[in-house]
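**Q** Input file: my_file_7.cif. Contents: mmCIF, C-alpha atoms.
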```
data_structure
#
loop_
_atom_site.label_atom_id
_atom_site.label_comp_id
_atom_site.auth_asym_id
_atom_site.auth_seq_id
_atom_site.Cartn_x
_atom_site.Cartn_y
_atom_site.Cartn_z
CA MET A 1 0.00 0.00 0.00
CA THR A 2 2.81 2.34 0.83
CA ALA A 3 6.47 2.27 1.69
CA PRO A 4 6.78 0.71 5.17
CA PHE A 5 9.03 3.50 6.43
CA PHE A 6 6.36 6.16 5.98
CA PHE A 7 3.69 4.08 7.64
CA TRP A 8 5.79 3.33 10.72
CA PHE A 9 7.13 6.87 10.94
CA PHE A 10 3.69 8.52 10.88
CA ALA A 11 2.11 5.77 12.96
CA ALA A 12 4.73 6.44 15.62
CA ILE A 13 3.92 10.17 15.50
CA VAL A 14 0.18 9.49 15.79
CA VAL A 15 0.56 7.13 18.74
CA PHE A 16 3.10 9.38 20.48
CA GLY A 17 0.73 12.33 20.10
CA ALA A 18 -2.27 10.33 21.31
CA VAL A 19 -0.44 9.05 24.39
CA GLY A 20 0.67 12.62 25.08
CA VAL A 21 -2.94 13.84 24.96
CA VAL A 22 -3.99 11.34 27.60
CA ALA A 23 -0.88 11.63 29.77
CA MET A 24 -0.26 15.38 30.01
CA ARG A 25 -1.46 17.13 33.14
CA GLN A 26 -2.03 20.56 31.58
CA PRO A 27 -4.80 20.77 28.95
CA VAL A 28 -2.67 23.09 26.82
CA HIS A 29 0.05 20.44 26.56
CA SER A 30 -2.59 17.85 25.67
CA ALA A 31 -3.84 20.19 22.95
CA LEU A 32 -0.36 20.50 21.42
CA PHE A 33 0.08 16.72 21.42
CA LEU A 34 -3.35 16.44 19.82
CA LEU A 35 -2.14 18.76 17.07
CA LEU A 36 0.85 16.47 16.46
CA SER A 37 -1.49 13.50 16.26
CA PHE A 38 -3.75 15.31 13.77
CA PHE A 39 -0.80 16.04 11.49
CA GLY A 40 0.30 12.41 11.67
CA VAL A 41 -3.19 11.25 10.70
CA ALA A 42 -3.22 13.73 7.81
CA ALA A 43 0.08 12.27 6.55
CA LEU A 44 -1.37 8.76 6.80
CA PHE A 45 -4.36 9.92 4.75
CA ILE A 46 -1.92 10.89 1.99
CA THR A 47 -0.35 7.42 2.10
CA LEU A 48 -3.90 6.08 1.61
CA ASN A 49 -4.54 8.20 -1.50
CA ALA A 50 -6.99 10.45 0.30
CA GLU A 51 -5.35 13.76 -0.57
CA PHE A 52 -8.48 15.85 -0.23
CA LEU A 53 -9.16 14.46 3.23
CA ALA A 54 -5.58 15.12 4.28
CA ALA A 55 -6.10 18.78 3.41
CA VAL A 56 -9.46 18.79 5.19
CA GLN A 57 -7.87 17.19 8.24
CA VAL A 58 -5.29 19.97 8.45
CA LEU A 59 -7.82 22.73 7.72
CA VAL A 60 -10.60 21.63 10.05
CA TYR A 61 -8.78 19.83 12.83
CA ALA A 62 -5.44 21.60 12.99
CA GLY A 63 -6.88 24.93 11.87
CA GLY A 64 -10.37 25.11 13.30
CA ILE A 65 -10.97 22.67 16.13
CA MET A 66 -7.53 23.32 17.61
CA VAL A 67 -8.22 27.07 17.74
CA LEU A 68 -11.50 26.31 19.49
CA PHE A 69 -9.73 24.15 22.06
CA LEU A 70 -7.00 26.71 22.71
CA PHE A 71 -9.54 29.52 23.10
CA THR A 72 -11.49 27.43 25.59
CA ILE A 73 -8.32 26.68 27.52
CA MET A 74 -7.70 30.44 27.69
CA LEU A 75 -11.26 31.02 28.91
CA VAL A 76 -10.91 28.47 31.66
CA ASN A 77 -8.73 29.68 34.47
CA ILE A 78 -5.72 27.41 34.54
CA ARG A 79 -4.54 28.36 37.98
CA ARG A 80 -7.74 27.18 39.63
CA THR A 81 -7.62 23.82 37.88
CA ALA A 82 -3.92 23.27 38.45
CA GLY A 83 -4.01 21.59 41.85
CA GLN A 84 -6.79 19.15 41.07
CA PRO A 85 -6.13 15.44 40.87
CA TYR A 86 -5.52 14.41 37.35
CA VAL A 87 -7.04 11.01 36.92
CA HIS A 88 -10.49 9.86 37.80
CA ARG A 89 -11.25 8.06 41.02
CA GLN A 90 -12.06 4.89 39.11
CA ALA A 91 -8.95 5.06 36.95
CA GLY A 92 -7.90 1.51 37.84
CA ALA A 93 -11.20 -0.01 36.76
CA ALA A 94 -11.23 2.22 33.66
CA LEU A 95 -7.77 1.06 32.65
CA LEU A 96 -8.89 -2.53 33.06
CA VAL A 97 -11.87 -1.90 30.76
CA ALA A 98 -9.62 -0.23 28.19
CA PHE A 99 -7.21 -3.14 28.38
CA PHE A 100 -9.98 -5.68 27.81
CA LEU A 101 -11.21 -3.66 24.86
CA LEU A 102 -7.69 -3.67 23.45
CA ALA A 103 -7.37 -7.43 23.98
CA VAL A 104 -10.76 -8.32 22.48
CA VAL A 105 -10.70 -6.11 19.40
CA GLY A 106 -6.95 -6.52 18.89
CA GLY A 107 -7.37 -10.30 19.05
CA THR A 108 -10.23 -10.10 16.57
CA ILE A 109 -8.16 -8.04 14.14
CA VAL A 110 -5.26 -10.48 14.36
CA ALA A 111 -7.51 -13.53 14.04
CA SER A 112 -9.57 -12.17 11.15
CA SER A 113 -6.59 -10.84 9.22
CA ARG A 114 -5.47 -14.44 8.72
CA THR A 115 -8.78 -15.74 7.42
CA SER A 116 -10.74 -12.93 5.83
CA GLY A 117 -8.48 -12.05 2.94
CA LEU A 118 -7.56 -8.67 4.38
CA ALA A 119 -3.98 -9.42 3.44
CA ASP A 120 -5.03 -9.33 -0.24
CA ALA A 121 -3.45 -6.75 -2.44
CA PRO A 122 -5.38 -3.47 -2.31
CA ALA A 123 -7.48 -2.23 -5.20
CA ASP A 124 -6.06 -0.01 -7.92
CA PRO A 125 -5.46 3.43 -6.34
CA ALA A 126 -6.53 5.10 -9.59
CA LYS A 127 -10.11 4.23 -8.63
CA LEU A 128 -9.95 6.84 -5.90
CA SER A 129 -8.75 9.62 -8.13
CA THR A 130 -10.64 9.19 -11.38
CA THR A 131 -14.25 10.02 -12.03
CA THR A 132 -16.12 8.65 -14.99
CA ILE A 133 -18.86 10.99 -16.05
CA SER A 134 -21.35 9.84 -18.64
CA ARG A 135 -23.66 12.33 -20.24
CA MET A 136 -25.65 12.83 -23.40
CA MET A 137 -24.12 15.06 -26.01
CA THR A 138 -26.57 16.86 -28.27
CA GLU A 139 -25.46 17.61 -31.79
CA THR A 140 -27.22 18.87 -34.87
CA VAL A 141 -26.47 16.71 -37.87
CA ASP A 142 -28.22 17.47 -41.15
CA GLY A 143 -30.87 19.55 -39.44
CA LYS A 144 -31.71 16.80 -36.95
CA THR A 145 -30.74 16.74 -33.30
CA VAL A 146 -28.80 13.64 -32.44
CA LYS A 147 -28.07 12.56 -28.88
CA THR A 148 -24.97 10.47 -28.32
CA PRO A 149 -23.76 9.15 -24.97
CA VAL A 150 -20.27 10.34 -24.09
CA THR A 151 -18.09 9.37 -21.18
CA GLU A 152 -15.22 11.43 -19.93
CA GLN A 153 -12.58 10.69 -17.34
CA VAL A 154 -11.72 13.37 -14.80
CA ALA A 155 -8.52 12.98 -12.81
CA GLY A 156 -8.01 14.08 -9.22
CA ASN A 157 -9.09 13.00 -5.76
CA SER A 158 -10.90 16.25 -4.95
CA GLN A 159 -12.86 15.92 -8.17
CA ALA A 160 -13.81 12.33 -7.32
CA VAL A 161 -14.90 13.36 -3.83
CA ALA A 162 -16.92 16.22 -5.29
CA TRP A 163 -18.67 13.94 -7.75
CA GLY A 164 -19.62 11.49 -5.00
CA LEU A 165 -20.57 14.21 -2.55
CA TYR A 166 -22.75 16.28 -4.82
CA ARG A 167 -24.36 13.48 -6.82
CA ASP A 168 -24.73 10.44 -4.56
CA TYR A 169 -24.69 12.14 -1.17
CA LEU A 170 -27.04 14.99 -1.95
CA LEU A 171 -29.28 14.58 1.09
CA PRO A 172 -26.49 13.97 3.65
CA PHE A 173 -24.77 17.07 2.29
CA GLU A 174 -27.83 19.24 2.88
CA VAL A 175 -28.40 17.62 6.28
CA ALA A 176 -24.78 18.50 7.13
CA SER A 177 -25.64 22.15 6.67
CA VAL A 178 -28.63 21.77 9.02
CA PHE A 179 -26.28 20.08 11.49
CA LEU A 180 -23.81 22.95 11.26
CA LEU A 181 -26.70 25.39 11.72
CA VAL A 182 -27.79 23.59 14.89
CA ALA A 183 -24.20 23.54 16.18
CA MET A 184 -23.81 27.26 15.51
CA ILE A 185 -27.11 28.20 17.16
CA GLY A 186 -26.38 25.91 20.11
CA ALA A 187 -22.96 27.42 20.69
CA VAL A 188 -24.30 30.98 20.40
CA VAL A 189 -27.15 30.26 22.84
CA LEU A 190 -24.82 28.65 25.39
CA GLY A 191 -22.13 31.29 24.91
CA LYS A 192 -24.50 34.26 25.15
CA ARG A 193 -26.14 32.87 28.25
CA THR A 194 -22.82 32.56 30.06
CA MET A 195 -21.89 36.01 28.85
CA GLU A 196 -25.07 37.55 30.30
CA HIS A 197 -24.54 35.71 33.58
CA VAL A 198 -21.07 37.07 34.12
CA ASP A 199 -20.52 40.33 32.29
CA MET B 1 4.40 -4.89 2.89
CA ILE B 2 2.06 -2.56 4.72
CA GLY B 3 -1.52 -3.67 4.22
CA VAL B 4 -4.91 -2.62 5.42
CA THR B 5 -4.45 -4.71 8.58
CA HIS B 6 -1.66 -2.41 9.73
CA TYR B 7 -3.87 0.62 9.31
CA VAL B 8 -6.77 -1.06 11.07
CA ALA B 9 -4.51 -2.07 13.95
CA LEU B 10 -3.18 1.50 14.22
CA SER B 11 -6.71 2.87 14.07
CA PHE B 12 -7.74 0.54 16.84
CA LEU B 13 -4.74 1.46 18.97
CA LEU B 14 -5.68 5.13 18.53
CA PHE B 15 -9.27 4.29 19.47
CA ALA B 16 -8.13 2.43 22.60
CA ILE B 17 -5.92 5.35 23.66
CA GLY B 18 -8.89 7.67 23.15
CA VAL B 19 -11.19 5.45 25.20
CA THR B 20 -8.59 5.31 27.95
CA GLY B 21 -8.45 9.10 27.95
CA VAL B 22 -12.23 9.42 28.16
CA LEU B 23 -12.39 6.93 31.02
CA ILE B 24 -9.49 7.96 33.23
CA ARG B 25 -9.14 11.74 32.88
CA ARG B 26 -11.08 14.11 35.10
CA ASN B 27 -10.47 17.26 33.10
CA LEU B 28 -13.37 17.75 30.69
CA LEU B 29 -11.11 19.40 28.10
CA THR B 30 -8.86 16.36 27.94
CA VAL B 31 -11.90 14.09 27.75
CA LEU B 32 -13.14 16.04 24.72
CA MET B 33 -9.70 15.83 23.11
CA SER B 34 -9.77 12.06 23.63
CA ILE B 35 -13.13 11.96 21.83
CA GLU B 36 -11.46 13.75 18.92
CA LEU B 37 -8.83 10.98 18.93
CA ILE B 38 -11.61 8.39 18.71
CA LEU B 39 -13.18 10.19 15.75
CA ASN B 40 -9.77 10.31 14.08
CA ALA B 41 -9.42 6.57 14.60
CA ALA B 42 -12.79 6.05 12.91
CA ASN B 43 -11.69 8.18 9.95
CA LEU B 44 -8.44 6.28 9.60
CA ASN B 45 -10.38 3.03 9.53
CA LEU B 46 -12.84 4.29 6.92
CA ILE B 47 -10.09 5.59 4.67
CA ALA B 48 -7.94 2.46 5.02
CA PHE B 49 -10.84 0.32 3.82
CA SER B 50 -11.69 2.84 1.12
CA ARG B 51 -8.13 2.39 -0.17
CA GLN B 52 -8.26 -1.39 0.16
CA LEU B 53 -11.55 -1.79 -1.68
CA GLY B 54 -11.02 1.05 -4.15
CA ASP B 55 -14.36 2.48 -3.03
CA LEU B 56 -14.67 6.21 -2.56
CA ASN B 57 -17.60 5.94 -0.13
CA GLY B 58 -15.19 5.57 2.80
CA GLN B 59 -13.68 8.96 2.02
CA LEU B 60 -17.11 10.53 1.71
CA PHE B 61 -18.12 9.13 5.09
CA ALA B 62 -14.94 10.59 6.54
CA VAL B 63 -15.89 14.05 5.23
CA PHE B 64 -19.13 13.81 7.21
CA VAL B 65 -17.34 12.47 10.28
CA ILE B 66 -15.06 15.52 10.20
CA THR B 67 -18.10 17.80 9.89
CA LEU B 68 -19.61 16.02 12.85
CA ALA B 69 -16.39 16.40 14.84
CA ALA B 70 -16.41 20.16 14.26
CA GLY B 71 -19.99 20.49 15.52
CA GLU B 72 -19.30 18.23 18.45
CA ALA B 73 -16.27 20.26 19.48
CA ALA B 74 -18.22 23.53 19.18
CA ILE B 75 -21.10 22.34 21.39
CA GLY B 76 -18.90 20.32 23.76
CA LEU B 77 -16.62 23.27 24.44
CA ALA B 78 -19.62 25.60 24.86
CA ILE B 79 -20.94 23.21 27.51
CA ILE B 80 -17.52 23.18 29.20
CA ILE B 81 -17.46 26.98 29.30
CA SER B 82 -21.00 27.07 30.72
CA MET B 83 -20.03 24.55 33.36
CA TYR B 84 -16.92 26.51 34.23
CA ARG B 85 -18.88 29.74 34.66
CA LEU B 86 -21.48 27.91 36.74
CA LYS B 87 -19.25 25.82 38.98
CA GLY B 88 -15.80 27.34 38.60
CA SER B 89 -14.42 23.98 37.59
CA VAL B 90 -13.94 21.81 34.53
CA ASN B 91 -13.69 18.66 36.60
CA LEU B 92 -15.98 15.80 35.68
CA ASP B 93 -16.42 14.76 39.30
CA ASP B 94 -17.96 18.16 40.08
CA ALA B 95 -20.78 17.51 37.64
CA SER B 96 -22.42 14.77 39.67
CA GLU B 97 -25.77 16.25 40.72
CA LEU B 98 -27.68 13.42 39.13
CA LYS B 99 -25.65 10.76 40.88
CA GLY B 100 -27.92 8.38 42.80
CA MET C 1 5.44 4.33 -3.49
CA ASN C 2 3.49 5.69 -6.41
CA PRO C 3 4.23 8.98 -8.20
CA SER C 4 1.29 10.89 -6.72
CA MET C 5 2.60 10.24 -3.23
CA ALA C 6 6.15 11.09 -4.22
CA SER C 7 4.92 14.57 -5.07
CA TYR C 8 4.17 15.07 -1.38
CA LEU C 9 7.76 14.38 -0.34
CA PRO C 10 8.81 18.06 -0.55
CA ILE C 11 6.17 18.84 2.08
CA LEU C 12 7.67 16.20 4.33
CA TYR C 13 11.19 17.56 3.78
CA PHE C 14 9.88 21.03 4.50
CA ALA C 15 8.25 19.87 7.75
CA ILE C 16 11.43 18.09 8.81
CA MET C 17 13.57 21.16 8.07
CA ALA C 18 11.09 23.37 9.92
CA ALA C 19 11.46 21.09 12.94
CA ILE C 20 15.26 20.82 12.72
CA ILE C 21 16.12 24.52 12.38
CA PRO C 22 14.67 25.84 15.67
CA VAL C 23 15.69 22.73 17.61
CA ALA C 24 19.25 22.93 16.25
CA GLY C 25 19.36 26.65 16.98
CA LEU C 26 18.23 26.23 20.57
CA ALA C 27 20.58 23.28 21.08
CA ALA C 28 23.56 25.19 19.67
CA MET C 29 22.76 28.18 21.89
CA SER C 30 22.50 26.12 25.03
CA LEU C 31 25.84 24.46 24.23
CA LEU C 32 27.72 27.66 23.37
CA ARG C 33 26.39 30.32 25.72
CA PRO C 34 27.76 30.83 29.20
CA SER C 35 25.12 30.26 31.84
CA LYS C 36 25.21 32.77 34.73
CA PRO C 37 21.57 33.45 35.59
CA THR C 38 20.58 36.29 37.90
CA PRO C 39 16.99 37.13 38.85
CA THR C 40 17.06 40.21 36.63
CA LYS C 41 18.26 38.22 33.64
CA LEU C 42 15.57 35.58 34.17
CA ALA C 43 12.75 38.13 34.36
CA PRO C 44 10.45 38.16 31.31
CA TYR C 45 11.44 40.83 28.84
CA GLU C 46 9.16 42.73 26.56
CA CYS C 47 10.13 45.71 24.46
CA GLY C 48 8.50 49.01 25.34
CA VAL C 49 5.93 47.90 27.91
CA ALA C 50 6.26 46.86 31.51
CA SER C 51 6.52 43.08 31.38
CA PRO C 52 4.19 41.01 33.51
CA THR C 53 6.09 39.46 36.36
CA GLU C 54 3.40 37.04 37.50
CA ALA C 55 1.59 34.19 35.82
CA PHE C 56 -1.11 35.19 33.43
CA ASP C 57 -4.28 34.99 35.43
CA HIS C 58 -7.23 36.86 34.00
CA ARG C 59 -9.79 35.18 31.84
CA PHE C 60 -10.61 36.09 28.29
CA SER C 61 -14.09 37.13 27.36
CA VAL C 62 -16.42 34.42 26.10
CA ARG C 63 -16.83 36.52 22.94
CA TYR C 64 -13.57 35.06 21.67
CA TYR C 65 -15.22 31.68 21.89
CA LEU C 66 -18.25 32.77 19.89
CA ILE C 67 -16.03 34.17 17.17
CA ALA C 68 -14.03 30.91 17.14
CA VAL C 69 -17.23 28.83 16.82
CA LEU C 70 -18.38 30.89 13.86
CA PHE C 71 -14.92 30.46 12.35
CA VAL C 72 -15.06 26.67 12.71
CA VAL C 73 -18.53 26.45 11.20
CA PHE C 74 -17.54 28.51 8.18
CA ASP C 75 -14.27 26.57 7.97
CA VAL C 76 -16.30 23.39 7.52
CA GLU C 77 -18.45 25.20 5.00
CA THR C 78 -15.26 25.96 3.04
CA ILE C 79 -14.32 22.29 2.83
CA PHE C 80 -17.66 21.67 1.15
CA LEU C 81 -17.18 24.64 -1.15
CA PHE C 82 -13.76 23.57 -2.39
CA PRO C 83 -14.69 20.27 -4.10
CA TRP C 84 -17.83 21.92 -5.40
CA ALA C 85 -15.72 24.63 -7.00
CA VAL C 86 -13.32 22.22 -8.73
CA MET C 87 -16.22 20.31 -10.28
CA TYR C 88 -18.46 23.33 -10.79
CA HIS C 89 -18.62 23.24 -14.58
CA ARG C 90 -19.51 19.55 -14.57
CA LEU C 91 -22.12 19.70 -11.81
CA LYS C 92 -23.86 22.44 -13.79
CA LEU C 93 -27.09 24.04 -12.56
CA PHE C 94 -27.86 21.09 -10.30
CA GLY C 95 -24.69 21.72 -8.31
CA LEU C 96 -25.36 25.44 -8.13
CA VAL C 97 -28.87 24.99 -6.73
CA GLU C 98 -27.60 22.37 -4.29
CA MET C 99 -24.92 24.69 -2.99
CA LEU C 100 -27.30 27.65 -2.76
CA VAL C 101 -29.62 25.58 -0.55
CA PHE C 102 -26.63 24.61 1.61
CA LEU C 103 -25.52 28.22 1.93
CA ALA C 104 -29.06 29.48 2.54
CA ILE C 105 -29.40 27.15 5.54
CA LEU C 106 -26.09 28.36 6.96
CA VAL C 107 -26.94 32.01 6.39
CA VAL C 108 -29.93 31.48 8.73
CA GLY C 109 -27.43 30.65 11.47
CA TYR C 110 -25.26 33.60 10.54
CA VAL C 111 -28.21 36.00 10.73
CA TYR C 112 -29.22 34.45 14.04
CA ALA C 113 -25.72 34.93 15.47
CA TRP C 114 -25.73 38.50 14.20
CA ARG C 115 -29.15 39.30 15.66
CA ARG C 116 -28.19 37.80 19.01
CA GLY C 117 -25.19 40.10 19.05
CA ALA C 118 -22.59 37.33 18.96
CA LEU C 119 -20.60 39.38 16.47
CA SER C 120 -20.66 42.71 18.30
CA TRP C 121 -17.74 43.42 20.54
CA ALA C 122 -19.06 46.27 22.67
#
```
Have the structure of the file written as structure tokens, please.

**A**
Amino acid sequence: MTAPFFFWFFAAIVVFGAVGVVAMRQPVHSALFLLLSFFGVAALFITLNAEFLAAVQVLVYAGGIMVLFLFTIMLVNIRRTAGQPYVHRQAGAALLVAFFLLAVVGGTIVASSRTSGLADAPADPAKLSTTTISRMMTETVDGKTVKTPVTEQVAGNSQAVAWGLYRDYLLPFEVASVFLLVAMIGAVVLGKRTMEHVD
Amino acid sequence: MIGVTHYVALSFLLFAIGVTGVLIRRNLLTVLMSIELILNAANLNLIAFSRQLGDLNGQLFAVFVITLAAGEAAIGLAIIISMYRLKGSVNLDDASELKG
Amino acid sequence: MNPSMASYLPILYFAIMAAIIPVAGLAAMSLLRPSKPTPTKLAPYECGVASPTEAFDHRFSVRYYLIAVLFVVFDVETIFLFPWAVMYHRLKLFGLVEMLVFLAILVVGYVYAWRRGALSWA
């Protein structure tokens, strides 16, 4: 699928970042490790021929969500949260649950990878970056209109995503805008209410 | 040879780290960051299978997961700010009024 | 490694260089400079204004958060606009109408935020 070096290199970055998020005491340090992890995931997206999503990952996660997190950390007084204990009371039990989850799903992945053909060679990557568009071409031949089917190939991952998104996923796309509307209104309502309480 | 299994295993490791963060941390901000890790793990999984099967639908799903993550972060952080203004704390254990 | 991925290598080299240069600079400085700290030398320095000598302690206004939320929502809107723009001439009128509906729904939220005063700073 990709050169092993790149996979292991970025996988190491992702895991290092993720462990940092969970292990750091200060939220701002966690946020910076999270940023590292986001960049690692974006690089892995490129190794998986998802160039558009790699760009989206950097734009939305590293650009947008990270800003939101850092602003919230600024809004929340760090000094008052500094002395508090850092793990939950039931951390031992929680770790046990996480470990069992790791064992069960990890075991399933290992077991199924031997039998289910997941080790098969991946599909042709060109499938993810070419779009076949078929349409009717109207021509006027000898005073008559003739319709002939034409197919054209469009290269590029963003183009392929666009074609899928705006043709096959029409309704989810419009629902996404309703979702964003709800998120925006919700955040404004919550934010304004706290503002009126305090200021 | 790096195959889809490697990506799935990495995705699951990321998911497990995220779950651990959600379960053990008391700081709500870190819990929300761990949820972002979980969503990233889901995306990695979707895109790994999209690459394996040569099917673009995985990438399209991931676009919507990222949209969802943005909305979730916006509302989640607004709730954290409200809770901080109300209780002066972002500690999960302080939000236990409904505890039986 | 296929050619399309190889075209991303310069970005990787760039990222690695961007990481190496400041780290190497800081490492070289800490190796070369003499270290004789005094309290005055360790005090934070800022040009022109009196530098804060204690930890930063006051909270920012929640308005910053509202602005950031609007930024994130429109950021996500942009990621939908980009693929639409690259395929615009093939999606034709259908794509245009689709995107106008999408934008119209989001403008409702924008107007709401405006009317609630989330955008005013005073």

**Q** Looking at C:Val86, C:Tyr13, C:Met5, C:Val62, which one is nearest to Val154 (chain A), with distances taken over all atoms listed in the file?

**A**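 Looking at the shortest contact to Val154 (chain A), the residue is C:Val86.
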
**Q** Which value, in Å to one decimal, gives the distance between CA of Leu48 (chain A) and CA of Ala15 (chain C)?

**A** 19.4 Å

**Q** To verify the selection step, state as a count of residues only which residues the PyMOL selection byres ((chain C) within 9 of (chain A)) yields on this input.

**A** 56

**Q** Might you spell out which residues the PyMOL selection byres ((chain B) within 8 of (chain C)) would select in the displayed file, as a list in words?

**A**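 Taken over the shown coordinates, the PyMOL selection byres ((chain B) within 8 of (chain C)) returns Thr67, Ala70, Gly71 and Ala74 of chain B.
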
**Q** What does the distance between CA of Glu36 (chain B) and CA of Gly106 (chain A) come to in Å, to one decimal place?

**A**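 If I compute the distance from CA of Glu36 (chain B) to CA of Gly106 (chain A), I get 20.8 Å.
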
**Q** Listed atoms of region 6-13 of chain B, axis-aligned box, 4 Å per side: centre and edge lengths to one decimal in Å, as AutoDock Vina command-line options?

**A**
```
--center_x -4.7 --center_y 0.2 --center_z 14.1 --size_x 14.1 --size_y 13.3 --size_z 17.7
```

**Q** Name the residues in contact with Leu13 (chain B) at a cut-off of 10 Å, using only C-alpha atoms, excluding same-chain residues fewer than 5 positions from it; report them as a ChimeraX atom specification.

**A** /A:14-15,18,102,105-106 /B:7-8,18-19,38,41

**Q** If you keep C-alpha atoms, can you produce a file of those selected residues as an mmCIF file, keeping the file's coordinate frame?

**A**
```
data_model
loop_
_atom_site.group_PDB
_atom_site.id
_atom_site.type_symbol
_atom_site.label_atom_id
_atom_site.label_comp_id
_atom_site.auth_asym_id
_atom_site.auth_seq_id
_atom_site.Cartn_x
_atom_site.Cartn_y
_atom_site.Cartn_z
ATOM 1 C CA VAL A 14 0.180 9.490 15.790
ATOM 2 C CA VAL A 15 0.560 7.130 18.740
ATOM 3 C CA ALA A 18 -2.270 10.330 21.310
ATOM 4 C CA LEU A 102 -7.690 -3.670 23.450
ATOM 5 C CA VAL A 105 -10.700 -6.110 19.400
ATOM 6 C CA GLY A 106 -6.950 -6.520 18.890
ATOM 7 C CA TYR B 7 -3.870 0.620 9.310
ATOM 8 C CA VAL B 8 -6.770 -1.060 11.070
ATOM 9 C CA GLY B 18 -8.890 7.670 23.150
ATOM 10 C CA VAL B 19 -11.190 5.450 25.200
ATOM 11 C CA ILE B 38 -11.610 8.390 18.710
ATOM 12 C CA ALA B 41 -9.420 6.570 14.600
#
```

**Q** Could you tell me how far CA of Leu23 (chain B) sits from CA of Val65 (chain B), in Å to one decimal place?

**A**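 Between CA of Val65 (chain B) and CA of Leu23 (chain B) the gap works out to 22.0 Å.
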
**Q** Which polymer residues have any atom within 8 Å of an atom of region 150-152 of chain A, counting only C-alpha atoms, with same-chain residues fewer than 5 positions away left out, as a count of residues only?

**A** 6

**Q** Can you work out which one of B:Ala16, B:Ile35, B:Leu28, B:Ala42 has the shortest atom-to-atom distance to chain A, counting only C-alpha atoms?

**A**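 Nearest candidate to chain A out of B:Ala16, B:Ile35, B:Leu28, B:Ala42: B:Ala16.
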
**Q** Once the PyMOL selection byres ((chain A and resi 16) around 10) has been applied to the shown file, what residues remain in the selection, as a PDB file with C-alpha atoms, in the coordinates of the input?

**A**
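Okay, expr-v8.pdb is ready:
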```pdb
ATOM      1  CA  PHE A  10       3.690   8.520  10.880  1.00  0.00           C
ATOM      2  CA  ALA A  11       2.110   5.770  12.960  1.00  0.00           C
ATOM      3  CA  ALA A  12       4.730   6.440  15.620  1.00  0.00           C
ATOM      4  CA  ILE A  13       3.920  10.170  15.500  1.00  0.00           C
ATOM      5  CA  VAL A  14       0.180   9.490  15.790  1.00  0.00           C
ATOM      6  CA  VAL A  15       0.560   7.130  18.740  1.00  0.00           C
ATOM      7  CA  GLY A  17       0.730  12.330  20.100  1.00  0.00           C
ATOM      8  CA  ALA A  18      -2.270  10.330  21.310  1.00  0.00           C
ATOM      9  CA  VAL A  19      -0.440   9.050  24.390  1.00  0.00           C
ATOM     10  CA  GLY A  20       0.670  12.620  25.080  1.00  0.00           C
ATOM     11  CA  VAL A  21      -2.940  13.840  24.960  1.00  0.00           C
ATOM     12  CA  PHE A  33       0.080  16.720  21.420  1.00  0.00           C
ATOM     13  CA  LEU A  34      -3.350  16.440  19.820  1.00  0.00           C
ATOM     14  CA  LEU A  36       0.850  16.470  16.460  1.00  0.00           C
ATOM     15  CA  SER A  37      -1.490  13.500  16.260  1.00  0.00           C
ATOM     16  CA  GLY A  40       0.300  12.410  11.670  1.00  0.00           C
TER      17      GLY A  40
ATOM     18  CA  LEU B  14      -5.680   5.130  18.530  1.00  0.00           C
TER      19      LEU B  14
END
```

**Q** A:Ala121, A:Thr131, A:Val146, A:Ala31: which is nearest Gly164 (chain A), counting all atoms listed in the file?

**A** A:Thr131
